[in-house]
>>> print(open('run.csv').read())   # CSV, C-alpha atoms and all ligand atoms
chain,number,residue,atom,x,y,z
A,12,MET,CA,-52.0,-11.3,12.0
A,13,THR,CA,-48.9,-9.2,12.2
A,14,LEU,CA,-48.0,-5.7,10.8
A,15,ALA,CA,-45.7,-7.5,8.3
A,16,THR,CA,-48.7,-9.5,7.0
A,17,LEU,CA,-50.7,-6.3,6.8
A,18,ARG,CA,-48.0,-4.7,4.8
A,19,ASN,CA,-48.1,-7.6,2.3
A,20,LEU,CA,-51.9,-7.2,2.1
A,21,PHE,CA,-51.5,-3.5,1.4
A,22,HIS,CA,-49.3,-4.4,-1.6
A,23,THR,CA,-51.6,-6.9,-3.1
A,24,GLN,CA,-54.8,-4.9,-2.5
A,25,LEU,CA,-53.6,-1.4,-3.5
A,26,ALA,CA,-51.4,-2.4,-6.5
A,27,SER,CA,-54.0,-1.5,-9.1
A,28,LEU,CA,-54.4,2.0,-7.6
A,29,TYR,CA,-50.8,3.0,-6.7
A,30,ASP,CA,-47.3,2.1,-7.6
A,31,GLN,CA,-45.2,0.1,-5.2
A,32,ARG,CA,-43.4,3.2,-3.7
A,33,GLU,CA,-46.7,4.9,-3.1
A,34,VAL,CA,-48.1,1.8,-1.4
A,35,GLU,CA,-45.1,1.7,0.9
A,36,ALA,CA,-45.6,5.4,1.7
A,37,ILE,CA,-49.3,4.8,2.4
A,38,PHE,CA,-48.6,1.8,4.6
A,39,PHE,CA,-46.1,3.7,6.7
A,40,THR,CA,-48.4,6.8,7.0
A,41,TYR,CA,-51.1,4.4,8.2
A,42,ILE,CA,-49.1,2.6,10.9
A,43,ASN,CA,-47.4,5.8,12.0
A,44,GLY,CA,-50.8,7.6,12.2
A,45,LYS,CA,-52.4,4.7,14.2
A,46,TYR,CA,-49.5,3.4,16.3
A,47,GLY,CA,-46.6,5.9,16.0
A,48,VAL,CA,-44.5,3.2,14.4
A,49,GLU,CA,-41.7,4.9,12.5
A,50,ARG,CA,-40.5,3.5,9.1
A,51,TYR,CA,-36.9,3.3,10.1
A,52,ARG,CA,-37.6,1.0,13.0
A,53,PHE,CA,-40.3,-1.1,11.3
A,54,SER,CA,-38.1,-4.3,11.4
A,55,LEU,CA,-38.5,-4.2,15.2
A,56,ASP,CA,-42.2,-3.8,15.1
A,57,ALA,CA,-43.1,-6.0,12.1
A,58,ARG,CA,-44.0,-8.9,14.2
A,59,GLN,CA,-46.5,-6.9,16.3
A,60,GLU,CA,-49.8,-8.8,16.2
A,61,ALA,CA,-53.2,-7.3,16.0
A,62,LYS,CA,-54.3,-7.1,19.7
A,63,SER,CA,-57.7,-8.5,19.1
A,64,GLU,CA,-60.2,-9.7,16.5
A,65,SER,CA,-61.7,-6.2,16.5
A,66,GLU,CA,-58.3,-4.6,15.8
A,67,LYS,CA,-57.8,-7.0,12.9
A,68,GLY,CA,-61.3,-6.1,11.7
A,69,GLU,CA,-60.4,-2.4,11.9
A,70,TRP,CA,-57.3,-3.1,9.7
A,71,MET,CA,-59.4,-4.9,7.2
A,72,GLY,CA,-62.0,-2.1,7.1
A,73,ASP,CA,-59.4,0.5,6.6
A,74,LEU,CA,-57.7,-1.4,3.9
A,75,GLU,CA,-61.1,-1.8,2.1
A,76,ARG,CA,-61.5,2.0,2.3
A,77,LEU,CA,-58.0,2.5,0.9
A,78,ALA,CA,-58.7,0.0,-1.9
A,79,ARG,CA,-61.8,2.1,-2.8
A,80,GLY,CA,-59.5,5.0,-3.2
A,81,MET,CA,-59.9,6.9,0.0
A,82,PRO,CA,-56.8,8.9,0.8
A,83,VAL,CA,-54.8,7.5,3.8
A,84,GLN,CA,-55.0,10.9,5.6
A,85,TYR,CA,-58.9,10.6,5.7
A,86,VAL,CA,-58.6,7.0,6.8
A,87,ILE,CA,-56.5,7.9,9.8
A,88,GLY,CA,-58.1,11.4,10.2
A,89,LYS,CA,-54.7,13.2,10.3
A,90,ALA,CA,-52.3,15.0,7.9
A,91,ASP,CA,-48.8,16.3,8.6
A,92,PHE,CA,-48.3,20.0,7.7
A,93,PHE,CA,-45.3,22.1,8.4
A,94,GLY,CA,-44.2,20.0,11.4
A,95,MET,CA,-47.7,19.9,12.9
A,96,VAL,CA,-50.4,17.2,12.9
A,97,LEU,CA,-53.8,18.5,11.7
A,98,ASP,CA,-57.1,16.7,11.8
A,99,VAL,CA,-58.6,16.2,8.3
A,100,ASN,CA,-61.8,14.8,7.0
A,101,PRO,CA,-63.6,14.8,3.7
A,102,ALA,CA,-64.8,18.4,4.4
A,103,VAL,CA,-61.3,19.7,4.0
A,104,LEU,CA,-58.6,19.5,1.4
A,105,ILE,CA,-55.6,17.5,2.6
A,106,PRO,CA,-52.9,20.1,2.8
A,107,ARG,CA,-50.2,19.7,0.2
A,108,PRO,CA,-46.4,19.9,0.4
A,109,GLU,CA,-46.4,22.7,-2.2
A,110,THR,CA,-48.4,24.7,0.3
A,111,GLU,CA,-45.7,24.1,2.9
A,112,GLU,CA,-43.3,25.7,0.4
A,113,LEU,CA,-45.6,28.8,0.3
A,114,VAL,CA,-45.7,29.1,4.1
A,115,ASP,CA,-42.0,28.7,4.3
A,116,HIS,CA,-41.5,31.5,1.7
A,117,ILE,CA,-43.7,33.8,3.6
A,118,ILE,CA,-42.0,33.1,6.9
A,119,ASN,CA,-38.6,33.8,5.4
A,120,SER,CA,-39.7,37.0,3.5
A,121,LYS,CA,-38.1,40.2,4.9
A,122,PHE,CA,-41.1,42.4,5.7
A,123,ASN,CA,-41.1,46.0,6.5
A,124,ILE,CA,-43.1,45.8,9.8
A,125,ILE,CA,-44.9,49.0,10.6
A,126,ASN,CA,-47.5,47.8,13.1
A,127,SER,CA,-46.8,46.2,16.4
A,128,LYS,CA,-49.0,43.4,15.3
A,129,PHE,CA,-48.5,41.7,11.9
A,130,ASN,CA,-52.0,41.3,10.4
A,131,ILE,CA,-52.5,38.3,8.1
A,132,LEU,CA,-55.6,37.0,6.4
A,133,ASP,CA,-55.8,33.4,4.9
A,134,ILE,CA,-58.6,33.2,2.4
A,135,GLY,CA,-60.1,29.8,1.8
A,136,THR,CA,-58.4,28.2,4.8
A,137,GLY,CA,-59.7,24.6,4.6
A,138,SER,CA,-58.1,22.7,7.4
A,139,GLY,CA,-56.6,26.0,8.7
A,140,ALA,CA,-53.1,24.8,7.5
A,141,ILE,CA,-51.7,28.1,6.2
A,142,ALA,CA,-53.2,30.3,8.9
A,143,ILE,CA,-52.1,28.0,11.8
A,144,ALA,CA,-48.6,27.5,10.5
A,145,LEU,CA,-48.1,31.3,9.9
A,146,ALA,CA,-49.4,32.1,13.4
A,147,LYS,CA,-47.1,29.6,14.9
A,148,ASN,CA,-44.0,30.8,13.1
A,149,ILE,CA,-44.3,34.6,12.7
A,150,PRO,CA,-43.8,36.6,15.9
A,151,ASN,CA,-46.6,39.1,16.7
A,152,ALA,CA,-48.8,37.6,13.9
A,153,ASN,CA,-52.5,38.3,14.2
A,154,LEU,CA,-54.4,35.9,12.1
A,155,TRP,CA,-57.8,35.8,10.4
A,156,ALA,CA,-59.0,33.0,8.2
A,157,THR,CA,-62.1,32.5,6.0
A,158,ASP,CA,-63.9,29.7,4.3
A,159,ILE,CA,-67.3,29.3,2.6
A,160,SER,CA,-67.6,25.8,4.1
A,161,GLU,CA,-68.9,25.7,7.7
A,162,ALA,CA,-67.7,22.2,8.1
A,163,ALA,CA,-64.2,23.2,7.0
A,164,LEU,CA,-64.3,26.1,9.5
A,165,GLU,CA,-65.2,23.7,12.3
A,166,THR,CA,-62.2,21.5,11.5
A,167,ALA,CA,-59.9,24.5,11.2
A,168,LYS,CA,-61.1,25.8,14.6
A,169,LYS,CA,-60.3,22.4,16.2
A,170,ASN,CA,-56.9,22.4,14.6
A,171,ALA,CA,-56.1,25.9,15.9
A,172,ALA,CA,-57.2,25.0,19.4
A,173,ARG,CA,-55.2,21.7,19.4
A,174,ASN,CA,-52.1,23.6,18.4
A,175,ASN,CA,-52.7,26.4,21.0
A,176,ILE,CA,-53.0,28.9,18.2
A,177,GLU,CA,-55.4,31.9,18.1
A,178,VAL,CA,-57.0,32.5,14.7
A,179,LYS,CA,-60.2,34.5,14.1
A,180,PHE,CA,-62.3,32.4,11.7
A,181,LEU,CA,-64.9,34.0,9.5
A,182,HIS,CA,-67.6,32.5,7.3
A,183,HIS,CA,-67.2,34.4,4.1
A,184,ASN,CA,-67.8,33.9,0.4
A,185,ILE,CA,-64.9,35.2,-1.8
A,186,LEU,CA,-67.3,35.8,-4.7
A,187,LYS,CA,-69.7,37.9,-2.6
A,188,ASP,CA,-67.5,40.2,-0.6
A,189,GLU,CA,-69.6,43.0,0.8
A,190,GLY,CA,-66.6,44.9,2.3
A,191,GLU,CA,-67.9,44.6,5.9
A,192,LEU,CA,-66.6,41.4,7.3
A,193,LEU,CA,-62.9,41.2,6.5
A,194,PRO,CA,-60.3,43.1,8.5
A,195,LYS,CA,-58.6,46.2,6.9
A,196,GLU,CA,-55.0,47.4,7.0
A,197,LEU,CA,-53.7,43.9,6.5
A,198,ASP,CA,-50.0,43.3,6.1
A,199,ILE,CA,-50.5,40.0,4.2
A,200,ILE,CA,-53.3,38.3,2.4
A,201,VAL,CA,-52.5,34.7,1.4
A,202,SER,CA,-54.7,32.3,-0.5
A,203,ASN,CA,-54.6,28.9,-2.1
A,204,PRO,CA,-58.0,29.1,-3.7
A,205,PRO,CA,-59.6,26.4,-6.0
A,206,TYR,CA,-57.8,26.5,-9.3
A,207,ILE,CA,-58.2,23.2,-11.2
A,208,PRO,CA,-60.4,23.7,-14.4
A,209,GLN,CA,-63.2,21.1,-14.7
A,210,CYS,CA,-61.6,19.8,-17.9
A,211,GLU,CA,-58.6,18.6,-15.9
A,212,ARG,CA,-60.8,16.3,-13.7
A,213,LYS,CA,-60.0,13.3,-15.9
A,214,TYR,CA,-56.3,13.6,-15.2
A,215,LEU,CA,-56.6,13.6,-11.4
A,216,HIS,CA,-56.3,10.4,-9.3
A,217,LYS,CA,-59.6,9.0,-8.2
A,218,ASN,CA,-58.5,9.5,-4.5
A,219,VAL,CA,-58.6,13.3,-5.2
A,220,VAL,CA,-61.7,13.5,-7.4
A,221,ASN,CA,-63.9,11.1,-5.5
A,222,TYR,CA,-62.9,12.0,-2.0
A,223,GLU,CA,-61.6,15.6,-1.6
A,224,PRO,CA,-64.2,18.4,-1.5
A,225,ASN,CA,-65.0,19.5,-5.1
A,226,VAL,CA,-65.6,23.0,-3.8
A,227,ALA,CA,-62.0,23.2,-2.7
A,228,LEU,CA,-60.6,22.1,-6.1
A,229,PHE,CA,-62.5,23.0,-9.2
A,230,VAL,CA,-63.2,26.2,-11.2
A,231,PRO,CA,-65.2,26.7,-14.4
A,232,ASP,CA,-63.2,26.1,-17.6
A,233,GLU,CA,-64.4,29.5,-19.0
A,234,ASN,CA,-63.2,31.5,-15.9
A,235,PRO,CA,-60.4,29.6,-14.2
A,236,LEU,CA,-59.1,32.7,-12.4
A,237,VAL,CA,-62.5,33.7,-11.0
A,238,PHE,CA,-61.2,33.4,-7.4
A,239,TYR,CA,-57.9,35.2,-8.1
A,240,LYS,CA,-59.7,38.2,-9.6
A,241,ALA,CA,-62.1,38.4,-6.6
A,242,ILE,CA,-59.3,38.0,-4.1
A,243,ALA,CA,-57.1,40.6,-5.8
A,244,ASN,CA,-60.1,43.0,-5.6
A,245,ILE,CA,-60.4,42.3,-1.9
A,246,ALA,CA,-56.7,42.9,-1.5
A,247,ILE,CA,-56.9,46.3,-3.1
A,248,LYS,CA,-59.4,47.3,-0.3
A,249,ASN,CA,-58.1,45.4,2.6
A,250,LEU,CA,-54.3,45.4,2.4
A,251,ARG,CA,-52.4,48.4,3.8
A,252,LYS,CA,-50.2,50.4,1.5
A,253,GLY,CA,-47.0,48.2,1.2
A,254,GLY,CA,-48.9,45.0,2.1
A,255,SER,CA,-48.4,41.8,0.1
A,256,LEU,CA,-50.7,39.4,-1.6
A,257,PHE,CA,-49.5,35.8,-1.9
A,258,PHE,CA,-51.0,33.1,-4.0
A,259,GLU,CA,-50.6,29.5,-4.8
A,260,THR,CA,-51.4,29.1,-8.5
A,261,HIS,CA,-52.0,26.7,-11.3
A,262,GLU,CA,-48.9,26.2,-13.3
A,263,LYS,CA,-50.7,27.1,-16.6
A,264,PHE,CA,-52.3,30.4,-15.5
A,265,HIS,CA,-49.5,32.3,-13.8
A,266,LEU,CA,-48.9,34.7,-16.7
A,267,GLU,CA,-52.6,35.6,-16.9
A,268,LEU,CA,-52.6,36.1,-13.2
A,269,THR,CA,-49.5,38.4,-13.4
A,270,GLU,CA,-51.4,40.5,-15.9
A,271,ILE,CA,-54.5,40.7,-13.7
A,272,LEU,CA,-52.4,41.9,-10.8
A,273,ALA,CA,-50.4,44.4,-12.9
A,274,GLU,CA,-53.7,45.8,-14.3
A,275,LEU,CA,-55.0,46.3,-10.8
A,276,GLY,CA,-51.9,48.3,-9.9
A,277,PHE,CA,-49.9,45.7,-7.9
A,278,LYS,CA,-46.1,46.2,-8.1
A,279,GLU,CA,-43.1,44.0,-7.3
A,280,ILE,CA,-45.0,41.1,-8.8
A,281,LYS,CA,-42.9,37.9,-8.6
A,282,LEU,CA,-43.4,34.4,-9.5
A,283,TRP,CA,-41.5,31.3,-8.4
A,284,ASN,CA,-41.5,27.6,-8.9
A,285,ASP,CA,-42.3,24.7,-6.6
A,286,ILE,CA,-39.8,22.0,-5.7
A,287,SER,CA,-40.8,20.1,-8.9
A,288,GLY,CA,-39.9,23.1,-11.0
A,289,ARG,CA,-43.5,24.1,-11.8
A,290,PRO,CA,-44.5,27.8,-11.7
A,291,ARG,CA,-46.6,27.7,-8.5
A,292,PHE,CA,-46.5,30.9,-6.4
A,293,THR,CA,-47.1,34.6,-7.0
A,294,VAL,CA,-46.7,37.6,-4.9
A,295,GLY,CA,-47.6,41.2,-5.5
A,296,GLN,CA,-47.4,44.4,-3.4
A,297,ARG,CA,-50.0,47.1,-3.0
A,298,THR,CA,-48.0,50.3,-3.2
A,299,PHE,CA,-50.9,52.8,-3.7
B,1,LIG,N1,-56.0,26.7,2.4
B,1,LIG,C1,-56.2,25.3,2.5
B,1,LIG,C2,-54.9,24.6,2.0
B,1,LIG,O1,-54.0,25.2,1.4
B,1,LIG,O2,-54.7,23.4,2.3
B,1,LIG,C3,-57.3,24.9,1.6
B,1,LIG,C4,-57.2,25.3,0.2
B,1,LIG,S1,-58.5,24.6,-0.9
B,1,LIG,C5,-57.6,24.5,-2.4
B,1,LIG,C6,-59.6,26.0,-1.2
B,1,LIG,C7,-60.5,26.4,-0.1
B,1,LIG,O3,-61.4,27.5,-0.6
B,1,LIG,C8,-61.5,25.3,0.4
B,1,LIG,O4,-61.4,25.1,1.8
B,1,LIG,C9,-62.9,25.8,0.0
B,1,LIG,O5,-63.9,25.4,0.9
B,1,LIG,C10,-62.7,27.3,-0.1
B,1,LIG,N2,-63.6,28.0,-1.0
B,1,LIG,C11,-64.1,27.5,-2.1
B,1,LIG,N3,-65.0,28.4,-2.7
B,1,LIG,C12,-65.0,29.5,-1.8
B,1,LIG,C13,-65.7,30.7,-1.7
B,1,LIG,N4,-66.6,31.1,-2.7
B,1,LIG,N5,-65.5,31.6,-0.7
B,1,LIG,C14,-64.6,31.2,0.3
B,1,LIG,N6,-64.0,30.0,0.3
B,1,LIG,C15,-64.1,29.2,-0.7
B,2,LIG,N1,-52.6,21.4,-5.6
B,2,LIG,C1,-53.9,20.7,-5.4
B,2,LIG,C2,-54.0,19.5,-6.2
B,2,LIG,O1,-53.2,19.2,-7.1
B,2,LIG,C3,-55.1,21.6,-5.7
B,2,LIG,C4,-55.1,22.8,-4.9
B,2,LIG,C5,-56.0,23.9,-5.4
B,2,LIG,O2,-56.9,23.7,-6.3
B,2,LIG,N2,-55.8,25.1,-4.9
B,2,LIG,O3,-54.9,18.7,-6.1
>>> encode(input="run.csv", output="structure tokens")
Amino acid sequence: MTLATLRNLFHTQLASLYDQREVEAIFFTYINGKYGVERYRFSLDARQEAKSESEKGEWMGDLERLARGMPVQYVIGKADFFGMVLDVNPAVLIPRPETEELVDHIINSKFNIINSKFNILDIGTGSGAIAIALAKNIPNANLWATDISEAALETAKKNAARNNIEVKFLHHNILKDEGELLPKELDIIVSNPPYIPQCERKYLHKNVVNYEPNVALFVPDENPLVFYKAIANIAIKNLRKGGSLFFETHEKFHLELTEILAELGFKEIKLWNDISGRPRFTVGQRTF
């Protein structure tokens, strides 16, 4: 069996779950992750045969998992993020392109650096994506990252080590901050916390709801900004004067979030859209 035949099988078996363009993207993510075959030179590799019966069996097993709705990144165990390859598994959210936009914005912000080290905390780090990308791209950055999930922290630690990046990982519950564990005098706090209300579950693809960690995604309908309130209160204590708090946000709740930040005394509150034009990111500065 050749890669060309496998591609046809992807199209027949995944058609009920994804449109044709998505199936193509999944197929190329799959063969790139497994064999480094690039899409632009597929015509040269299309006749590559499965090397053995067991490799063919592997292809079929993977296709079966994909047909059940498992995201291709979990099947190959990797996801691309900001020019890096990160290990992912069902204990961590697959990092999203929107989050790359947030990282890019932070890296390109003009900061008034007052310490020799630039101290950054990523709250709810998952795979470690934000923390590792910031550490890699901001000179003198000193990174801490938290999560409530021990399994996520294990994955994030491996990702940092594999990319030769130093991040101090802390097991911490955003909703039970006792003021001891997290570093103080921070220049930046950044977070992409859970923000999808339970009532929106039914609109999400089954590859998200059935496979990604619910603890990473969902918030109660009656208090969708629970994590933002708690993190803003942490930021009041742990940012230095002049430090910035960056959030990825739900497109529906950005105005409410702006009000919460303003009430707590944050200034220079700004909101901007993601590449699809949806309000997605918020920043505020602690000036007191
Ligand atoms: N930062 C990663 C990214 O952008 O790809 C993951 C973001 S994911 C939307 C939210 C993360 O918050 C998950 O890793 C989840 O385990 C963590 N989390 C959920 N509840 C938490 C809590 N109470 N305290 C700390 N972290 C929590
Ligand atoms: N943006 C992610 C999604 O659409 C959710 C991330 C989050 O809840 N913070 O699935």
>>> residues_near_ligand(input="run.csv", ligand="ligand LIG 1 (chain B)", cutoff="8 Å", atoms="all atoms listed in the file", output="ChimeraX atom specification")
/A:102-107,110,133-142,157-160,163,182-187,202-206,224,226-228,238
>>> atom_distance(input="run.csv", atom1="atom CA of Asp91 of chain A", atom2="atom CA of Gly44 of chain A")
9.6 Å
>>> atom_distance(input="run.csv", atom1="atom CA of Ala78 of chain A", atom2="atom CA of Glu35 of chain A")
14.0 Å
>>> residues_near_point(input="run.csv", point="(-66.5, 43.1, 0.6)", cutoff="12 Å", atoms="all atoms listed in the file", output="list in words")
His183, Asn184, Ile185, Leu186, Lys187, Asp188, Glu189, Gly190, Glu191, Leu192, Leu193, Pro194, Lys195, Ala241, Ile242, Ala243, Asn244, Ile245, Ala246, Ile247, Lys248 and Asn249 of chain A
>>> closest_residue(input="run.csv", among="A:Glu223, A:Glu112, A:Glu270, A:Glu161", to="Tyr239 of chain A", atoms="only C-alpha atoms")
A:Glu270
>>> closest_residue(input="run.csv", among="A:Val230, A:Ile280, A:Ile199, A:Leu55", to="ligand LIG 2 (chain B)", atoms="all atoms listed in the file")
A:Val230
>>> atom_distance(input="run.csv", atom1="atom CA of Leu17 of chain A", atom2="atom CA of Gln84 of chain A")
17.8 Å
>>> residues_near_point(input="run.csv", point="(-47.7, 35.3, 14.4)", cutoff="12 Å", atoms="all atoms listed in the file", output="list of chain:residue names")
A:Ile117, A:Ile118, A:Ser127, A:Lys128, A:Phe129, A:Asn130, A:Ile131, A:Leu132, A:Ile141, A:Ala142, A:Ile143, A:Ala144, A:Leu145, A:Ala146, A:Lys147, A:Asn148, A:Ile149, A:Pro150, A:Asn151, A:Ala152, A:Asn153, A:Leu154, A:Trp155, A:Ile176, A:Glu177, A:Val178, A:Asp198, A:Ile199
>>> write_last_selection(input="run.csv", atoms="C-alpha atoms", output="short mmCIF file (atom, residue, chain, number, x, y, z; two decimals), keeping the file's coordinate frame")
data_model
loop_
_atom_site.label_atom_id
_atom_site.label_comp_id
_atom_site.auth_asym_id
_atom_site.auth_seq_id
_atom_site.Cartn_x
_atom_site.Cartn_y
_atom_site.Cartn_z
CA ILE A 117 -43.70 33.80 3.60
CA ILE A 118 -42.00 33.10 6.90
CA SER A 127 -46.80 46.20 16.40
CA LYS A 128 -49.00 43.40 15.30
CA PHE A 129 -48.50 41.70 11.90
CA ASN A 130 -52.00 41.30 10.40
CA ILE A 131 -52.50 38.30 8.10
CA LEU A 132 -55.60 37.00 6.40
CA ILE A 141 -51.70 28.10 6.20
CA ALA A 142 -53.20 30.30 8.90
CA ILE A 143 -52.10 28.00 11.80
CA ALA A 144 -48.60 27.50 10.50
CA LEU A 145 -48.10 31.30 9.90
CA ALA A 146 -49.40 32.10 13.40
CA LYS A 147 -47.10 29.60 14.90
CA ASN A 148 -44.00 30.80 13.10
CA ILE A 149 -44.30 34.60 12.70
CA PRO A 150 -43.80 36.60 15.90
CA ASN A 151 -46.60 39.10 16.70
CA ALA A 152 -48.80 37.60 13.90
CA ASN A 153 -52.50 38.30 14.20
CA LEU A 154 -54.40 35.90 12.10
CA TRP A 155 -57.80 35.80 10.40
CA ILE A 176 -53.00 28.90 18.20
CA GLU A 177 -55.40 31.90 18.10
CA VAL A 178 -57.00 32.50 14.70
CA ASP A 198 -50.00 43.30 6.10
CA ILE A 199 -50.50 40.00 4.20
#
>>> decode(input="run.csv", residues="segment 206-287 of chain A", atoms="C-alpha atoms", output="compact mmCIF listing (two decimals), in the first residue's frame")
# COMPACT_ATOMS: atom_id res chain seq x y z
CA TYR A 206 -13.22 30.29 28.73
CA ILE A 207 -15.88 28.27 26.87
CA PRO A 208 -19.25 28.22 28.69
CA GLN A 209 -20.75 24.73 29.06
CA CYS A 210 -23.76 25.84 26.99
CA GLU A 211 -21.44 26.13 23.95
CA ARG A 212 -20.30 22.51 24.15
CA LYS A 213 -22.85 21.52 21.55
CA TYR A 214 -21.32 23.86 18.95
CA LEU A 215 -17.81 22.43 19.24
CA HIS A 216 -16.43 19.70 16.99
CA LYS A 217 -16.40 16.24 18.53
CA ASN A 218 -12.61 16.17 18.14
CA VAL A 219 -12.46 18.99 20.74
CA VAL A 220 -15.19 17.92 23.19
CA ASN A 221 -14.39 14.19 23.25
CA TYR A 222 -10.61 14.38 23.18
CA GLU A 223 -9.22 17.61 24.61
CA PRO A 224 -9.09 18.01 28.40
CA ASN A 225 -12.39 19.48 29.61
CA VAL A 226 -10.55 21.15 32.48
CA ALA A 227 -8.67 23.21 29.86
CA LEU A 228 -11.76 24.37 28.03
CA PHE A 229 -14.95 24.81 29.98
CA VAL A 230 -16.31 27.26 32.51
CA PRO A 231 -19.67 27.42 34.30
CA ASP A 232 -22.43 29.23 32.35
CA GLU A 233 -23.24 31.33 35.40
CA ASN A 234 -19.67 32.55 35.93
CA PRO A 235 -17.78 32.41 32.62
CA LEU A 236 -15.11 34.88 33.74
CA VAL A 237 -14.27 33.03 36.95
CA PHE A 238 -10.65 32.47 35.89
CA TYR A 239 -10.16 36.02 34.61
CA LYS A 240 -11.34 37.51 37.93
CA ALA A 241 -9.03 35.25 39.92
CA ILE A 242 -6.04 35.91 37.64
CA ALA A 243 -6.63 39.69 37.68
CA ASN A 244 -6.59 39.53 41.48
CA ILE A 245 -3.34 37.58 41.38
CA ALA A 246 -1.95 40.21 38.97
CA ILE A 247 -2.72 43.02 41.42
CA LYS A 248 -0.49 41.31 43.98
CA ASN A 249 2.20 39.85 41.77
CA LEU A 250 2.84 42.30 38.92
CA ARG A 251 5.29 45.10 39.54
CA LYS A 252 4.03 48.67 39.12
CA GLY A 253 4.04 49.20 35.34
CA GLY A 254 3.74 45.46 34.64
CA SER A 255 1.24 44.10 32.08
CA LEU A 256 -1.46 41.45 32.21
CA PHE A 257 -2.21 39.75 28.86
CA PHE A 258 -5.22 37.53 28.23
CA GLU A 259 -6.63 35.44 25.43
CA THR A 260 -10.40 35.86 25.75
CA HIS A 261 -13.74 34.61 24.53
CA GLU A 262 -15.07 36.88 21.80
CA LYS A 263 -18.35 37.38 23.68
CA PHE A 264 -16.95 38.40 27.03
CA HIS A 265 -14.29 40.98 26.22
CA LEU A 266 -16.38 43.99 27.30
CA GLU A 267 -17.23 42.42 30.64
CA LEU A 268 -13.56 41.62 31.09
CA THR A 269 -12.55 45.20 30.32
CA GLU A 270 -14.95 46.38 33.04
CA ILE A 271 -13.52 43.95 35.56
CA LEU A 272 -9.97 45.11 34.83
CA ALA A 273 -10.96 48.80 35.01
CA GLU A 274 -12.75 48.27 38.33
CA LEU A 275 -9.62 46.66 39.77
CA GLY A 276 -7.62 49.74 38.74
CA PHE A 277 -5.83 48.47 35.61
CA LYS A 278 -5.02 51.22 33.07
CA GLU A 279 -4.13 51.32 29.37
CA ILE A 280 -6.64 48.53 28.80
CA LYS A 281 -6.57 47.50 25.16
CA LEU A 282 -8.42 44.93 23.16
CA TRP A 283 -7.52 43.56 19.76
CA ASN A 284 -8.87 41.07 17.24
CA ASP A 285 -7.49 37.75 16.05
CA ILE A 286 -6.71 37.12 12.40
CA SER A 287 -10.36 36.11 11.78
